[in-house]
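**Q** Take a look at this one; I'll ask things after.
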Amino acid sequence: MDKLIYSLTILLLHVSSCYASSSSFNISTIPFAQGFTPLFGEPNIIRSSDDQSVQLHLNLNTGSGFKSSDLYNHGFFSAKIKLPSDYTAGIVVAFYTTNQQIFSKTHDELDFEFLGNIKGKAWRFQTNTYGNGSVHRGREERYYLWFDPSKEYHNYSILWTTDKIIFYIDDVPIREIIRNDAMGADFPSKPMGLYATIWDASDWATSGGKYRVNYKYAPFVAEFTDLVLQGCATDPLEEVVGGGACEEKNDQLAMADFTTITPRQKLAMKKFRSKYMYYSYCYDTVRYPVPPPECVIDPVVRRLFKETGRPKFDGQHRNRRFKKRAQVMSARNYGNQEDV
């Protein structure tokens, strides 16, 4: 028995070392008042006494949201987030960068969007990127999580540099976009602010609007802490004209540890994308007969998807795998980080 306990302890230590939180990155957090202001629903924004954490509430009256006080010419944006629990159908919690309030027709955007579900069913989420108002060329991907995001905090981070975008969960990179010339203005280039919101998206968020927000479970609370704004704050109009004040900070950002994906992280990202991604525009040949230029087609992952970009369910082994996953999700057991 002692030998078994020892072996399990070593295994847990190994898992923890392989999937540490992004607190392992060399970054500093900031108080809410130092970097953020309310966006809407201010009575539903509840700040902690030390100003290091904030809750966003959704009730029958309104949702809520906050935004960074400044816009940034590239940066690393991060927060530890805990999502609402129980019945969350129709709810969207978003953590994203955008400049839509200034460039309404040519805006840039990078999104985490968490999609609620009925009781007993798992949260799902999607990432997306827009450049220069290219909303008709959405680049969305959709995923499951390997943990229950309502049970504890996890780090969600967006890295945006002059030549790459990386979405992180803890220190696992789940998506990377490398800029190339063929993307043109579709790669986000104008200064953006960081936003966080919770809102009622009953018309589409859960099963295409079949399940709506049920306010008998309200208030729905999304919690944020360890807020990070690392980048060069800038005036977007000056930057468009051609200012170069952020070159030094952009160079520092490009040299940070979180801008380089290690071999271990590459393996974790490949495992995540093959196991938990259930839609990718890169594999949607109905929508894009020729994949957009930034898509890197993984032959192994490609075999898992139909021409619509959704998973295949044919084959006895695949059927057993997805049946098992559905049973696990129904039990609210999201697995563990060793599976990523």
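Chains: A, B, ... in order of the structure tokens. Residues: from 1 per chain. Ligands: from 1, in order shown.
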Near segment 77-82 of chain A, within 10 Å and counting only C-alpha atoms, which residues show up once chain neighbours fewer than 5 positions away are dropped, as a PDB file with C-alpha atoms, in the first residue's frame?
**A**
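That gives us around.pdb:
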```pdb
ATOM      1  CA  SER A  21      -0.359  27.127 -14.320  1.00  0.00           C
ATOM      2  CA  SER A  22       0.819  30.166 -16.266  1.00  0.00           C
ATOM      3  CA  SER A  23       1.959  31.676 -12.996  1.00  0.00           C
ATOM      4  CA  ILE A  27       4.513  38.226 -15.360  1.00  0.00           C
ATOM      5  CA  THR A  29      -0.584  41.102 -11.979  1.00  0.00           C
ATOM      6  CA  SER A  53     -10.271  40.192  -7.944  1.00  0.00           C
ATOM      7  CA  VAL A  54     -13.609  41.016  -9.519  1.00  0.00           C
ATOM      8  CA  GLN A  55     -16.908  39.212 -10.027  1.00  0.00           C
ATOM      9  CA  TYR A  72      -2.239  48.238 -26.349  1.00  0.00           C
ATOM     10  CA  VAL A  93     -18.626  34.604 -20.641  1.00  0.00           C
ATOM     11  CA  PHE A  95     -12.489  37.300 -22.390  1.00  0.00           C
ATOM     12  CA  TYR A  96     -11.156  39.082 -25.435  1.00  0.00           C
ATOM     13  CA  THR A  97      -9.255  41.934 -27.039  1.00  0.00           C
ATOM     14  CA  ASP A 148     -14.538  21.602 -14.828  1.00  0.00           C
ATOM     15  CA  PRO A 149     -14.007  25.386 -15.138  1.00  0.00           C
ATOM     16  CA  SER A 150     -16.638  26.118 -12.476  1.00  0.00           C
ATOM     17  CA  LYS A 151     -14.760  24.224  -9.738  1.00  0.00           C
ATOM     18  CA  GLU A 152     -11.551  26.226  -9.574  1.00  0.00           C
ATOM     19  CA  TYR A 153      -9.625  29.025 -11.217  1.00  0.00           C
ATOM     20  CA  HIS A 154      -7.629  28.456 -14.379  1.00  0.00           C
ATOM     21  CA  ASN A 155      -5.447  30.873 -16.317  1.00  0.00           C
ATOM     22  CA  TYR A 156      -6.638  31.984 -19.756  1.00  0.00           C
ATOM     23  CA  SER A 157      -4.147  34.049 -21.742  1.00  0.00           C
ATOM     24  CA  ILE A 158      -3.838  35.723 -25.127  1.00  0.00           C
ATOM     25  CA  LEU A 159      -0.436  36.533 -26.595  1.00  0.00           C
ATOM     26  CA  TRP A 160      -0.431  38.947 -29.513  1.00  0.00           C
ATOM     27  CA  PHE A 167      -4.111  31.241 -26.909  1.00  0.00           C
ATOM     28  CA  TYR A 168      -3.125  29.584 -23.626  1.00  0.00           C
ATOM     29  CA  ILE A 169      -5.010  27.699 -20.919  1.00  0.00           C
ATOM     30  CA  ASP A 170      -2.701  27.550 -17.919  1.00  0.00           C
ATOM     31  CA  GLY A 193      -8.064  46.839 -25.332  1.00  0.00           C
ATOM     32  CA  LEU A 194      -8.835  43.871 -23.093  1.00  0.00           C
ATOM     33  CA  TYR A 195     -12.483  43.117 -22.253  1.00  0.00           C
ATOM     34  CA  ALA A 196     -14.385  40.676 -20.033  1.00  0.00           C
ATOM     35  CA  VAL A 221     -21.244  34.728 -11.386  1.00  0.00           C
ATOM     36  CA  ALA A 222     -17.960  34.701 -13.308  1.00  0.00           C
ATOM     37  CA  GLU A 223     -14.904  35.369 -11.156  1.00  0.00           C
ATOM     38  CA  PHE A 224     -11.650  36.960 -12.327  1.00  0.00           C
ATOM     39  CA  THR A 225      -8.343  37.349 -10.505  1.00  0.00           C
ATOM     40  CA  ASP A 226      -4.607  37.696 -11.270  1.00  0.00           C
ATOM     41  CA  LEU A 227      -5.287  40.223 -14.011  1.00  0.00           C
ATOM     42  CA  VAL A 228      -2.412  40.839 -16.425  1.00  0.00           C
ATOM     43  CA  LEU A 229      -1.890  43.651 -18.923  1.00  0.00           C
ATOM     44  CA  GLN A 230       1.607  43.393 -20.330  1.00  0.00           C
ATOM     45  CA  GLY A 231       2.250  45.529 -23.391  1.00  0.00           C
TER      46      GLY A 231
END
```
**Q** For the strand (DSSP E or B) assignment from backbone DSSP, which residues of segment 155-254 of chain A qualify? Please present them as a PyMOL selection string.
**A** chain A and resi 155-160+164-169+172-178+192-200+220-234
**Q** Taking only C-alpha atoms into account, which of A:Ala201, A:Ile178, A:Ile165, A:Leu110 comes nearest Gly138 of chain A?
**A**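 Selected residue with least distance to Gly138 of chain A: A:Leu110.
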**Q** In Å, with one decimal, what is the gap from atom CA of Trp199 of chain A to atom CA of Val92 of chain A?
**A**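 Computing it gives 5.6 Å between the two atoms.
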**Q** Do a neighbour search on Thr308 of chain A at 9 Å with only C-alpha atoms, toss out local chain neighbours closer than 6 positions, and write the hits as a PyMOL selection string.
**A** chain A and resi 279-281+283-287
**Q** Could you take the residues named above and write them with N, CA and C atoms, as a compact mmCIF listing (two decimals), in the first residue's frame?
**A**
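Ended up saving to again03.txt:
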```
# COMPACT_ATOMS: atom_id res chain seq x y z
N TYR A 279 -14.48 21.56 -33.58
CA TYR A 279 -14.68 22.26 -34.86
C TYR A 279 -13.46 23.12 -35.13
N SER A 280 -13.03 23.13 -36.38
CA SER A 280 -11.98 24.05 -36.82
C SER A 280 -12.27 24.50 -38.24
N TYR A 281 -12.22 25.80 -38.44
CA TYR A 281 -12.43 26.35 -39.78
C TYR A 281 -11.39 25.84 -40.76
N TYR A 283 -10.37 22.89 -41.18
CA TYR A 283 -10.76 21.59 -41.73
C TYR A 283 -12.16 21.62 -42.31
N ASP A 284 -12.75 22.81 -42.39
CA ASP A 284 -14.10 22.98 -42.96
C ASP A 284 -13.97 23.27 -44.44
N THR A 285 -13.90 22.20 -45.24
CA THR A 285 -13.69 22.38 -46.68
C THR A 285 -14.95 22.79 -47.41
N VAL A 286 -16.11 22.66 -46.76
CA VAL A 286 -17.34 23.19 -47.35
C VAL A 286 -17.30 24.71 -47.33
N ARG A 287 -16.88 25.25 -46.23
CA ARG A 287 -16.80 26.70 -46.09
C ARG A 287 -15.56 27.27 -46.78
```
**Q** For atom CA of Leu115 of chain A and atom CA of Asn44 of chain A, quote the distance in Å rounded to one decimal.
**A** 19.8 Å
**Q** Have a look at atom CA of Gly184 of chain A and atom CA of Glu294 of chain A and let me know their distance in Å, one decimal.
**A**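 Pair atom CA of Gly184 of chain A / atom CA of Glu294 of chain A returns 10.6 Å.
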